[in-house]
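Here's the structure, in structure tokens; my notes come after.
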Amino acid sequence: MSADTFNITASTSSATKGETLIDTAKNIEAMNPDIIVIRHSCSGAPQLLARHIGASIINAGDGSHEHPSQGLLDIMTVLEHKKDLTGLKITIVGDIAHSRVAVSDILGFIKMGAVVYVAGPATFIPAGIENLGAQVCASVEEAVDGADVVIALRIQQERQNDPLIPSLREYSAFYGINKKRLEAAKPDVLIMHPGPINRGVELNPDVADGPGSVILEQVNNGVAVRMALLYLVMGGDKSGDAQGSQ
Amino acid sequence: MAEMIILQNGRIIDPLQKRDEIADLWMRDGKIVNRAQGIPGHARCIDLGGKWVVPGLIDMHVHLREPGEEYKETIETGTRAAAAGGFTGVACMPNTRPVNDNATVTRFICEKAGGCSTHVYPVGAISRESKGEGLAEYGEMKLAGVIALTDDGVPVVDSQLMRRAMEYAKSHGLLVMSHSEEFALSRNGCMNEGAVSTRLGLRGIPTAAESIMVYREIALSELTGARVHIAHVSSATSLDLIRQAKKRGVPVTAETAPHYFTLTEEAVDGYNTHAKMNPPLRSEKDRQAVRCALADGTLDAIATDHAPHSILEKEVEFSAAANGIVGLETALPLALALVHEGLISVNRLVHLMSCSPAQILGVPGGRLAVGDPADITVIDPERVFTFSAEKSYSKGKNTPFDGWELRGKAVLTLLAGRETYNDL
């Protein structure tokens, strides 16, 4: 898209020297960027920036709140295969409580008319998730039964100091998506994953590389969605014709 | 010459003496005196035209930040804000720097408080440096002026230490105030756990983190016979436990803060750090339970948990922001809303904000009898005003109530007959 980009990571910014997020952003703003794309470990960090600086902010993932562009690219991926999302059963399996992808997917797919189910051990299911419109399933089998799309979430091994599951082995045995569990799903079920995958944990290789897997299409669509986001945030023509008014 | 003040035509509300009538209140040399024949020529007469005259309000839970964090608040600015809110006495928490865990710090606070706008009652630490290991010197601190003990801000994790603290405090006739929080459940949490925390992606704190510790304190009070006061109660389950304990005769008292009966977790929406405090704002069900408990006597007092912070602590990522809001200048108007709604009587309000805090802390006040110090709050229950954090007396501007239109406020505060606030 011929934009000039400038990457700043927390470890190379002055954040390590005690600079506040707002000050860091104001310093970046002084370089006159049109858009700041931010990924931050604190939920709400992009909202905080948006209140304090003038540049457009794109949330590239904040804490365990949202990952909007992932939500959009997931919708795009399903749309390419199913044409219409109305009434589709979309199942998300895994650590819903610590996943920013889960929240964006739930909100996005419901907005598109799908029905979203979540499953995982109770330690992975956050309080009040049904208030976002998701249906909580008692077992992964129930969640997969008749599903049009199954999204497996990455089990974050780095979080294992908070005892959410006893072991990856046990998780895989009871909640991992494998060929056998998928038999109950629709024959043309799509398998998705926001990556990176723990092979053999949340997804068995036979499923990750199986016929229904669209994981690499998600990656491909991610490029398109993020290009579109940058274009639209810059005030691009919303008619869909990128060559249009510019 | 003796200084004489006469408050004329006030509605004198003095629950402990079962008095509620339009009358004059006479004061001389800082004390309430009998009405004499004829008004002396030198007397200062203030016609109140039916405004309420109540015993000076006492806030049993404030953070004055001095010593150590004077950029947030000082004893002078904090007590000035208190006087503006109608308070004549405040109990200040020990989580200063250094912690008020010894007589030297206590004496420093008392010296600084001399001549300030309210009485200042220092609360000492339960444990040394409030680190939860080993008792602070209660006897020495009491001699220096401490009236109660708490490690407020952090829970006493070790149950055996809490048991010993209650026993030892009892020997010294000191009250233990509990910051009830089961840290294992609340750690890293920054708001109430529920649908809102899930939607915002913020780590939640379940109400069980509070109620488990409330029950521990009740059990330890039963074991030791020591009085215990539960600070800033926020949840329905905690209130049920306190209600049952009181029925059994356990010497437990409890306070809540105006934000818990006014706001819910929804106030956090938009990552509003001025709605972040510990314990966190809860659900509507909890808010309703707090309101019921204020009316039925389960809660004994309304305290502010006034916690001034600068923007350094608040204009940051939500999870990194400091806990707490200022409350001294909004507590009375927010409590008056309960009276206006008909939830509690005027008498009950005075109990909650003056009589009970005085009684629980064992300090003077809460009454308007002849011979009592002239610590008096005059309230205009109908005065409508827009609260402005910017114009408030506290150094802390961290309040979710900025710009709120409120009905009713203190319009005159007298400390031993001395005018500490006048907005008549």
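Chain lettering (A, B, ...) mirrors the order of the structure tokens, residue numbering begins at 1 for each chain separately, and ligand numbering begins at 1 in order of display.
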
Requested in this report: For Val93 (chain A), please output as a list in words all residues within 8 Å (counting only C-alpha atoms; exclusion window: fewer than 6 positions along the same chain).
Outcome: Val118, Ala119, Gly120, Val140, Val150, Ile151, Ala152, Leu153 and Tyr175 of chain A

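Using only C-alpha atoms, the contacts of Cys292 (chain B) at a cut-off of 10 Å, with sequence neighbours closer than 4 positions omitted, comprise B:Ala236, B:Leu239, B:Phe261, B:Asp286, B:Arg287, B:Gln288, B:Asp296, B:Gly297, B:Thr298, B:Leu299, B:Leu343, B:Ile344.
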
Report summary line: Across A:Val103, A:Ile8, A:Ile53, A:Ala25, the smallest distance to chain B, with only C-alpha atoms counted, is shown by A:Val103

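Applying a distance limit of 9 Å to only C-alpha atoms, the residues of chain A near chain B read Thr20, Leu21, Ile22, Cys42, Ser43, Gly44, Ala45, Gln47, Leu48, Asp62, Gly63, Ser64, His65, Glu66, Ala97, His98, Ser99, Arg100, Val103, Pro126, Ala127, Gly128, Ile129, Glu130, Asn131 and Leu132 of chain A.
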
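The neighbours of Gly86 (chain B) here are the residues that come within 8 Å of it, using only C-alpha atoms and leaving out any residue fewer than 3 positions away in the same chain; they are Gly56, Leu57, Ala82, Ala83, Glu329, Leu332, Thr377, Val378, Ile379, Lys409, Ala410, Val411, Leu412, Thr413 and Tyr421 of chain B.
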
In region 40-158 of chain A, what's strand (DSSP E) per DSSP? Answer as a CSV table (one decimal) with N, CA, C and O atoms, in the first residue's frame?
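Wrote it out as result19.csv, contents follow:
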```csv
chain,number,residue,atom,x,y,z
A,40,HIS,N,-1.4,-4.4,22.7
A,40,HIS,CA,-0.9,-4.1,24.1
A,40,HIS,C,-1.5,-5.1,25.0
A,40,HIS,O,-2.5,-5.6,24.8
A,56,SER,N,-5.4,8.3,14.1
A,56,SER,CA,-6.4,7.2,14.1
A,56,SER,C,-5.7,6.0,14.8
A,56,SER,O,-4.5,5.7,14.7
A,57,ILE,N,-6.5,5.3,15.6
A,57,ILE,CA,-5.9,4.1,16.3
A,57,ILE,C,-6.6,2.8,15.8
A,57,ILE,O,-7.8,2.8,15.6
A,58,ILE,N,-5.8,1.9,15.5
A,58,ILE,CA,-6.3,0.5,15.1
A,58,ILE,C,-5.9,-0.4,16.2
A,58,ILE,O,-4.7,-0.5,16.6
A,59,ASN,N,-6.9,-1.1,16.8
A,59,ASN,CA,-6.6,-2.1,17.8
A,59,ASN,C,-6.1,-3.4,17.2
A,59,ASN,O,-6.9,-4.1,16.5
A,60,ALA,N,-4.9,-3.7,17.5
A,60,ALA,CA,-4.4,-5.0,16.9
A,60,ALA,C,-4.3,-6.1,18.0
A,60,ALA,O,-3.6,-7.0,18.0
A,61,GLY,N,-5.2,-5.9,19.0
A,61,GLY,CA,-5.3,-6.8,20.1
A,61,GLY,C,-4.9,-6.2,21.4
A,61,GLY,O,-3.8,-5.7,21.6
A,62,ASP,N,-5.9,-6.1,22.3
A,62,ASP,CA,-5.6,-5.5,23.7
A,62,ASP,C,-5.9,-6.5,24.8
A,62,ASP,O,-7.1,-6.9,25.0
A,89,LYS,N,-23.9,-22.8,12.8
A,89,LYS,CA,-23.5,-23.1,14.2
A,89,LYS,C,-22.0,-23.0,14.2
A,89,LYS,O,-21.3,-23.8,13.5
A,90,ILE,N,-21.5,-22.0,14.9
A,90,ILE,CA,-20.1,-21.8,15.0
A,90,ILE,C,-19.6,-22.1,16.4
A,90,ILE,O,-20.1,-21.6,17.4
A,91,THR,N,-18.7,-23.0,16.5
A,91,THR,CA,-18.2,-23.5,17.8
A,91,THR,C,-16.8,-23.0,18.1
A,91,THR,O,-15.9,-23.2,17.3
A,92,ILE,N,-16.6,-22.4,19.3
A,92,ILE,CA,-15.2,-22.0,19.7
A,92,ILE,C,-14.8,-22.9,20.9
A,92,ILE,O,-15.6,-23.0,21.9
A,93,VAL,N,-13.7,-23.6,20.8
A,93,VAL,CA,-13.3,-24.5,21.8
A,93,VAL,C,-11.9,-24.0,22.4
A,93,VAL,O,-11.0,-23.7,21.6
A,115,VAL,N,-25.0,-18.6,15.1
A,115,VAL,CA,-25.2,-18.9,16.5
A,115,VAL,C,-23.8,-19.4,17.0
A,115,VAL,O,-23.2,-20.3,16.4
A,116,VAL,N,-23.4,-18.8,18.1
A,116,VAL,CA,-22.0,-19.2,18.5
A,116,VAL,C,-22.1,-20.0,19.8
A,116,VAL,O,-22.8,-19.6,20.8
A,117,TYR,N,-21.4,-21.1,19.8
A,117,TYR,CA,-21.3,-22.0,21.0
A,117,TYR,C,-19.8,-21.9,21.5
A,117,TYR,O,-18.9,-21.9,20.7
A,118,VAL,N,-19.7,-22.0,22.8
A,118,VAL,CA,-18.3,-22.1,23.3
A,118,VAL,C,-18.2,-23.3,24.2
A,118,VAL,O,-19.2,-23.7,24.8
A,119,ALA,N,-17.0,-23.9,24.2
A,119,ALA,CA,-16.8,-25.1,25.1
A,119,ALA,C,-15.4,-25.1,25.6
A,119,ALA,O,-14.5,-24.6,24.9
A,135,GLN,N,-23.6,-19.4,23.5
A,135,GLN,CA,-24.2,-20.4,24.3
A,135,GLN,C,-23.1,-21.3,24.8
A,135,GLN,O,-22.1,-21.7,24.1
A,136,VAL,N,-23.1,-21.6,26.1
A,136,VAL,CA,-22.1,-22.4,26.8
A,136,VAL,C,-22.5,-23.9,26.7
A,136,VAL,O,-23.6,-24.2,27.1
A,149,VAL,N,-18.8,-24.6,11.7
A,149,VAL,CA,-17.4,-24.1,11.8
A,149,VAL,C,-16.9,-24.5,13.2
A,149,VAL,O,-17.6,-24.4,14.2
A,150,VAL,N,-15.7,-25.0,13.3
A,150,VAL,CA,-15.1,-25.2,14.7
A,150,VAL,C,-13.8,-24.4,14.7
A,150,VAL,O,-12.9,-24.6,13.9
A,151,ILE,N,-13.8,-23.5,15.7
A,151,ILE,CA,-12.6,-22.7,15.9
A,151,ILE,C,-11.9,-23.2,17.2
A,151,ILE,O,-12.5,-23.2,18.3
A,152,ALA,N,-10.6,-23.6,17.0
A,152,ALA,CA,-9.9,-24.1,18.2
A,152,ALA,C,-9.0,-22.9,18.6
A,152,ALA,O,-8.4,-22.2,17.8
```

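Proximity of B:Pro251, B:Pro373, B:Pro15, B:Pro400 to Glu266 (chain B), computed with only C-alpha atoms, is greatest for B:Pro400.
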
Requested in this report: Identify, with DSSP run on backbone atoms, the residues in region 222-311 of chain B assigned to alpha helix (DSSP H), and express the list as a ChimeraX atom specification.
Outcome: /B:222-224,236-248,258-262,284-296,311

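Residue nearest Ile215 (chain A), chosen from A:Val37, A:Ala184, A:Ala228, A:Leu73 and counting only C-alpha atoms: A:Leu73.
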
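When only C-alpha atoms are used to compute distances to Glu419 (chain B), the closest of the residues B:Ala374, B:Val33, B:Met93, B:Val120 turns out to be B:Ala374.
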
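We find CA of Met227 (chain A) and CA of Asn7 (chain A) to be spaced 16.8 Å apart.
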
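Near Lys51 (chain B), within 6 Å and counting only C-alpha atoms, sit Gly10, Arg11, Ile379 and Asp380 of chain B, not including residues fewer than 6 positions from it in the same chain.
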
Report task. Extract, using only C-alpha atoms, all DNA, RNA and protein residues at most 9 Å from Leu168 (chain A), discarding same-chain residues fewer than 2 positions from it, and format them as a list of chain:residue names. Result -> A:Ile155, A:Gln157, A:Ile165, A:Pro166, A:Glu170, A:Tyr171, A:Ser172, A:Ala173, A:Val201, A:Glu202

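Note that CA of Lys314 (chain B) and CA of His274 (chain B) are 7.3 Å apart.
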
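Distance annotation: of A:Ala102, A:Ile110, A:Leu88, A:Ala50, the residue with the minimal separation from Gln70 (chain A) is A:Ala102; atom set is only C-alpha atoms.
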
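The space separating CA of Ser221 (chain B) from CA of Val176 (chain B) comes to 9.8 Å.
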
Query raised in the report: Counting only C-alpha atoms, what is within 8 Å of Ser388 (chain B), bar same-chain residues fewer than 3 positions away, as number ranges by chain?
Result: B: 391-392, 402-404

Requested in this report: Give me the residues within 10 Å of Ala358 (chain B) as number ranges by chain, counting only C-alpha atoms and dropping any in the same chain fewer than 6 places off.
Outcome: B: 56-60, 89, 301, 351-352, 364-367

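Minimum distance to Asp375 (chain B) across B:Arg348, B:Arg65, B:Arg418, B:His259 (counting only C-alpha atoms) occurs at B:Arg418.
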